[in-house]
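Asker: Quick one: structure below, then a few questions.
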Amino acid sequence: MAVKTFFCVDAHTCGNPVRLVAGGGPVLYGANMSEKRQHFLKEYDWIRKGLMFEPRGHDMMSGSILYPPHNPDNDVAVLFIETSGCLPMCGHGTIGTITIAIEEGLIQPKIPGVVRMEAPAGLVLIEYKQEGAKVTSVKLTNVPSYLAAENLEVECPDLGKLTFDVSYGGNYYAIVDPQANFSGLENYAADQLIAWSRELRKRINEQYTFVHPQNPTINTCTHILWAGKTLSADATARNAVFYGDKAIDRSPCGTGTSARMAQWFAKGKLKQGDEFIHESIIGSKFIGRVEDVVDMAGFTAIVPSIEGWARVYGYNTIKIDDDDPYAYGFQV
Ligand code: PYC
């Protein structure tokens, strides 16, 4: 019988959970975070399942584990763990992780106010603001993001044929804009969007292939972004992002916002320097901006930044005991 103990700090980013594993994470091998992510998935996925799924977690749970950077110029390397697996990049996870790590003294950045963070998807540059001990905002400059495909079609249960674009912002997103068979996210129940998303994602990945031009381990459309009308006048757009099997992001979704900005940029609806205020299903907001435009292996990509906030709310020492029939979680 084995019992493993994890020391976690729990927070939320604009409403979506972030559980940072500050103690008990495994030693991983690899020359960078992408290789370490593969090692974790092969040997230690039980940790993710035990900490993310019920009964210790829930459908929306997501978190991270900190590692030393591989390049001494950087401050930290991060593995993201979620109900959906280990994402190459997670925006709300980054904002929460950096807030926790700074407030709890888990990292000491070389330059105060700046963190160079290695994610499996690549290097992410972060600027954060502090008032006393509290981190009040985190702005991350994400990996290059690009529109991968336009005007694809898929048959959706109940709704019929939908047209969608696929865009990359650290993960691949199928973006469903309002159209004849879909009148906007505000007109449907979240449970209904979730049920359709599960089926759509399956069908999209059966019908189409998406492979990151520089990292072939990123090769699936994992998220569905449903678009709709904004709640507040100052928001540019609103989304409901589906991830995992049953989750709709409560935050405006950092990688989803990056993917959507790349889509808008490619369609001429945003230009370099423009701000893009993205609203979540609960009305929380991220401020996005097109910082730069670069060539990424032959694709025109934007370098997006995302700014948001997180609040730390608790300390959680969690045991995973082999003897517990639900040690590795369950899903209903
Ligand atoms: O903020 O990038 C994000 C994210 C991905 C899945 C949930 N949140």
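Every chain in the structure tokens has a letter given in the order shown (A, B, ...), and although residue numbers restart at 1 in each chain, ligands are simply numbered from 1 in the order shown.
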Give me the residues near Phe164 in chain A as a list in words, where near means some atom within 12 Å (using only C-alpha atoms) and where sequence neighbours in that chain fewer than 4 positions away do not count.
Answerer: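 Listing them by chain and then by number gives Leu147, Ala148, Ala149, Glu150, Asn151, Leu152, Glu153, Val154, Glu155, Cys156, Tyr173, Ala174, Ile175, Val176, Asp177, Pro178, Gln179, Asn181, Phe182, Leu200, Arg201, Ile204, Ile224, Leu225, Trp226, Ala227, Arg260 and Gln263 of chain A.
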Asker: Show me which residues line ligand 1, defined as having an atom within 6 Å of a ligand atom where only C-alpha atoms and all ligand atoms count, and present them as number ranges by chain.
Answerer: A: 90-93, 243, 249, 253-256
Asker: May I have the residues from that selection written out with N, CA and C atoms, as a CSV table (one decimal), in the first residue's frame?
Answerer:
chain,number,residue,atom,x,y,z
A,90,CYS,N,-1.4,26.8,-21.3
A,90,CYS,CA,-2.6,27.2,-20.7
A,90,CYS,C,-2.5,28.6,-20.2
A,91,GLY,N,-3.4,29.5,-20.7
A,91,GLY,CA,-3.3,30.9,-20.4
A,91,GLY,C,-3.8,31.2,-19.0
A,92,HIS,N,-5.0,30.7,-18.7
A,92,HIS,CA,-5.5,31.0,-17.3
A,92,HIS,C,-4.6,30.3,-16.3
A,93,GLY,N,-4.1,29.1,-16.7
A,93,GLY,CA,-3.2,28.3,-15.8
A,93,GLY,C,-1.9,29.1,-15.5
A,243,TYR,N,-13.4,22.3,-22.9
A,243,TYR,CA,-12.2,21.5,-22.8
A,243,TYR,C,-12.4,20.3,-21.9
A,249,ASP,N,-14.7,26.7,-19.8
A,249,ASP,CA,-13.8,27.6,-19.1
A,249,ASP,C,-14.6,28.7,-18.5
A,253,CYS,N,-10.2,32.3,-21.2
A,253,CYS,CA,-9.3,31.3,-21.9
A,253,CYS,C,-8.2,32.0,-22.6
A,254,GLY,N,-7.0,31.8,-22.1
A,254,GLY,CA,-5.8,32.5,-22.6
A,254,GLY,C,-5.4,32.0,-24.0
A,255,THR,N,-5.3,30.7,-24.1
A,255,THR,CA,-4.9,30.1,-25.4
A,255,THR,C,-6.1,30.3,-26.4
A,256,GLY,N,-7.3,30.2,-25.9
A,256,GLY,CA,-8.5,30.5,-26.8
A,256,GLY,C,-8.5,31.9,-27.3
Asker: Which distance in Å separates CA of His70 in chain A and CA of Val9 in chain A, to one decimal?
Answerer: 24.0 Å
Asker: Take CA of Ala247 in chain A and CA of Val211 in chain A and report the distance between them in Å, one decimal.
Answerer: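 Interatomic distance here is 23.8 Å.
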Asker: Write out as number ranges by chain all residues of range 100-283 of chain A that backbone DSSP assigns to alpha helix (DSSP H).
Answerer: A: 100-103, 190-207, 254-266
Asker: Hey, can you check how far CA of Asp73 in chain A sits from CA of Lys110 in chain A?
Answerer: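 Those two atoms sit 8.6 Å apart.
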Asker: What lies within 6 Å of Val114 in chain A using only C-alpha atoms, ignoring chain neighbours under 2 positions off, as number ranges by chain?
Answerer: A: 111-112, 126-127
Asker: For the residues in that selection, give me N, CA and C atoms as a short mmCIF file (atom, residue, chain, number, x, y, z; two decimals), in the first residue's frame.
Answerer:
data_model
loop_
_atom_site.label_atom_id
_atom_site.label_comp_id
_atom_site.auth_asym_id
_atom_site.auth_seq_id
_atom_site.Cartn_x
_atom_site.Cartn_y
_atom_site.Cartn_z
N ILE A 111 14.59 39.35 -12.66
CA ILE A 111 14.19 40.76 -12.73
C ILE A 111 12.81 40.86 -12.08
N PRO A 112 12.68 41.56 -10.94
CA PRO A 112 11.36 41.64 -10.31
C PRO A 112 10.32 42.21 -11.28
N ILE A 126 6.49 36.91 -19.21
CA ILE A 126 5.42 37.38 -18.33
C ILE A 126 5.84 38.66 -17.62
N GLU A 127 4.89 39.59 -17.54
CA GLU A 127 5.08 40.77 -16.68
C GLU A 127 3.95 40.75 -15.66
#
Asker: Applying 8 Å and only C-alpha atoms, which residues near Lys285 in chain A remain after dropping the ones on its own chain fewer than 2 positions away? List them as a list in words.
Answerer: Cys14, Ala235, Ser251, Pro252, Ile277, His278, Glu279, Ser280, Gly283, Ile287 and Gly308 of chain A
Asker: Save out the residues we just selected, C-alpha atoms, as a PDB file, in the first residue's frame.
Answerer:
ATOM      1  CA  CYS A  14     -11.085  35.022 -13.437  1.00  0.00           C
ATOM      2  CA  ALA A 235     -15.861  43.753 -24.437  1.00  0.00           C
ATOM      3  CA  SER A 251     -12.151  32.418 -17.551  1.00  0.00           C
ATOM      4  CA  PRO A 252     -11.998  33.949 -21.050  1.00  0.00           C
ATOM      5  CA  ILE A 277     -11.140  42.342 -24.688  1.00  0.00           C
ATOM      6  CA  HIS A 278     -12.453  38.809 -24.414  1.00  0.00           C
ATOM      7  CA  GLU A 279     -15.360  37.984 -22.135  1.00  0.00           C
ATOM      8  CA  SER A 280     -16.001  34.561 -20.604  1.00  0.00           C
ATOM      9  CA  GLY A 283     -18.526  37.741 -17.804  1.00  0.00           C
ATOM     10  CA  ILE A 287      -7.250  41.961 -22.242  1.00  0.00           C
ATOM     11  CA  GLY A 308      -5.742  38.954 -16.423  1.00  0.00           C
TER      12      GLY A 308
END
Asker: Need to verify the contact set: Trp46 in chain A, 12 Å, only C-alpha atoms, exclusion of same-chain residues closer than 2 positions in sequence. Can you return it as number ranges by chain?
Answerer: A: 4, 25-26, 40-44, 48-53, 81-83, 85-86, 320-322, 326-330
Asker: For Gly15 in chain A, which of A:Tyr128, A:Phe299, A:Phe286, A:Tyr67 is the closest residue, counting only C-alpha atoms?
Answerer: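 Result for the nearest residue to Gly15 in chain A: A:Phe286.
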Asker: I'd like the contact shell of Glu291 in chain A - 10 Å cut-off, only C-alpha atoms, skipping same-chain residues fewer than 6 positions apart - returned as a list of chain:residue names.
Answerer: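 Residues meeting the cut-off are A:Thr141, A:Asn142, A:Lys271, A:Gln272, A:Gly273, A:Asp274, A:Glu275, A:Ile302, A:Val303, A:Pro304, A:Ser305, A:Ile306.
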Asker: According to DSSP computed on the backbone, where in range 20-200 of chain A is there strand (DSSP E or B)? Give the residues as a PDB file with C-alpha atoms, in the first residue's frame.
Answerer:
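Writing done, so here's result-v4.pdb:
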ATOM      1  CA  LEU A  20      -0.412  24.487  -8.165  1.00  0.00           C
ATOM      2  CA  VAL A  21       1.398  21.394  -6.874  1.00  0.00           C
ATOM      3  CA  ALA A  22       4.110  23.018  -4.750  1.00  0.00           C
ATOM      4  CA  GLY A  23       5.372  19.768  -3.202  1.00  0.00           C
ATOM      5  CA  GLU A  54     -13.473  13.847  -8.639  1.00  0.00           C
ATOM      6  CA  SER A  62      -6.711  22.394 -13.762  1.00  0.00           C
ATOM      7  CA  GLY A  63      -3.291  22.934 -12.285  1.00  0.00           C
ATOM      8  CA  SER A  64       0.450  23.006 -12.708  1.00  0.00           C
ATOM      9  CA  ILE A  65       3.769  21.711 -11.409  1.00  0.00           C
ATOM     10  CA  LEU A  66       6.918  23.870 -11.326  1.00  0.00           C
ATOM     11  CA  TYR A  67      10.336  22.706 -12.568  1.00  0.00           C
ATOM     12  CA  VAL A  76      10.885  28.631 -14.266  1.00  0.00           C
ATOM     13  CA  ALA A  77       9.485  25.751 -16.310  1.00  0.00           C
ATOM     14  CA  VAL A  78       5.854  24.650 -15.959  1.00  0.00           C
ATOM     15  CA  LEU A  79       3.910  21.466 -16.615  1.00  0.00           C
ATOM     16  CA  PHE A  80       0.145  22.020 -16.974  1.00  0.00           C
ATOM     17  CA  ILE A  81      -2.158  19.312 -15.649  1.00  0.00           C
ATOM     18  CA  GLU A  82      -5.867  19.378 -16.410  1.00  0.00           C
ATOM     19  CA  GLY A  85      -4.585  15.915 -20.053  1.00  0.00           C
ATOM     20  CA  VAL A 114       9.251  39.800 -15.085  1.00  0.00           C
ATOM     21  CA  VAL A 115       9.173  35.988 -15.418  1.00  0.00           C
ATOM     22  CA  ARG A 116      10.611  34.000 -18.316  1.00  0.00           C
ATOM     23  CA  MET A 117       8.549  30.804 -18.245  1.00  0.00           C
ATOM     24  CA  GLU A 118       9.241  27.630 -20.241  1.00  0.00           C
ATOM     25  CA  ALA A 119       5.993  25.869 -21.222  1.00  0.00           C
ATOM     26  CA  GLY A 122       7.568  27.210 -25.922  1.00  0.00           C
ATOM     27  CA  LEU A 123       8.894  30.253 -24.076  1.00  0.00           C
ATOM     28  CA  VAL A 124       6.306  32.565 -22.510  1.00  0.00           C
ATOM     29  CA  LEU A 125       7.324  36.008 -21.266  1.00  0.00           C
ATOM     30  CA  ILE A 126       5.420  37.383 -18.325  1.00  0.00           C
ATOM     31  CA  GLU A 127       5.080  40.767 -16.677  1.00  0.00           C
ATOM     32  CA  TYR A 128       3.235  41.012 -13.395  1.00  0.00           C
ATOM     33  CA  LYS A 129       2.160  43.869 -11.103  1.00  0.00           C
ATOM     34  CA  GLN A 130       2.143  43.728  -7.333  1.00  0.00           C
ATOM     35  CA  GLU A 131       0.541  45.768  -4.565  1.00  0.00           C
ATOM     36  CA  LYS A 134      -0.556  40.626  -3.713  1.00  0.00           C
ATOM     37  CA  VAL A 135      -0.126  40.117  -7.437  1.00  0.00           C
ATOM     38  CA  THR A 136      -2.784  42.304  -9.037  1.00  0.00           C
ATOM     39  CA  SER A 137      -2.279  41.461 -12.704  1.00  0.00           C
ATOM     40  CA  VAL A 138      -0.328  39.079 -14.925  1.00  0.00           C
ATOM     41  CA  LYS A 139       0.337  39.738 -18.599  1.00  0.00           C
ATOM     42  CA  LEU A 140       1.749  36.876 -20.640  1.00  0.00           C
ATOM     43  CA  THR A 141       3.183  37.133 -24.111  1.00  0.00           C
ATOM     44  CA  SER A 145      -0.517  31.851 -32.814  1.00  0.00           C
ATOM     45  CA  TYR A 146      -1.925  31.286 -36.303  1.00  0.00           C
ATOM     46  CA  LEU A 147      -5.080  30.502 -38.234  1.00  0.00           C
ATOM     47  CA  ALA A 148      -4.596  26.899 -39.394  1.00  0.00           C
ATOM     48  CA  ALA A 149      -7.754  26.347 -41.490  1.00  0.00           C
ATOM     49  CA  GLU A 150     -10.873  28.254 -42.562  1.00  0.00           C
ATOM     50  CA  ASN A 151     -14.432  27.376 -43.532  1.00  0.00           C
ATOM     51  CA  LEU A 152     -14.301  23.692 -42.592  1.00  0.00           C
ATOM     52  CA  GLU A 153     -17.592  21.833 -42.195  1.00  0.00           C
ATOM     53  CA  VAL A 154     -18.866  19.327 -39.673  1.00  0.00           C
ATOM     54  CA  GLU A 155     -22.277  17.844 -38.924  1.00  0.00           C
ATOM     55  CA  CYS A 156     -23.389  18.725 -35.386  1.00  0.00           C
ATOM     56  CA  GLY A 160     -26.971  20.276 -38.478  1.00  0.00           C
ATOM     57  CA  LYS A 161     -24.080  21.466 -40.636  1.00  0.00           C
ATOM     58  CA  LEU A 162     -21.690  23.946 -38.993  1.00  0.00           C
ATOM     59  CA  THR A 163     -18.876  25.909 -40.579  1.00  0.00           C
ATOM     60  CA  PHE A 164     -15.815  26.542 -38.400  1.00  0.00           C
ATOM     61  CA  ASP A 165     -12.213  27.748 -38.465  1.00  0.00           C
ATOM     62  CA  VAL A 166      -9.301  26.082 -36.664  1.00  0.00           C
ATOM     63  CA  SER A 167      -6.770  28.352 -35.021  1.00  0.00           C
ATOM     64  CA  TYR A 168      -3.748  27.709 -32.804  1.00  0.00           C
ATOM     65  CA  TYR A 172      -5.788  23.974 -31.470  1.00  0.00           C
ATOM     66  CA  TYR A 173      -9.293  25.511 -31.296  1.00  0.00           C
ATOM     67  CA  ALA A 174     -12.288  24.894 -33.521  1.00  0.00           C
ATOM     68  CA  ILE A 175     -13.999  28.304 -33.548  1.00  0.00           C
ATOM     69  CA  VAL A 176     -17.735  28.260 -34.198  1.00  0.00           C
ATOM     70  CA  GLN A 179     -24.259  31.312 -38.392  1.00  0.00           C
ATOM     71  CA  PHE A 182     -25.955  28.367 -34.538  1.00  0.00           C
TER      72      PHE A 182
END
Asker: Met33 in chain A: which residues within 6 Å, counting only C-alpha atoms, same-chain residues fewer than 2 positions away excluded, as a VMD selection string?
Answerer: chain A and resid 35 to 37 119 to 120
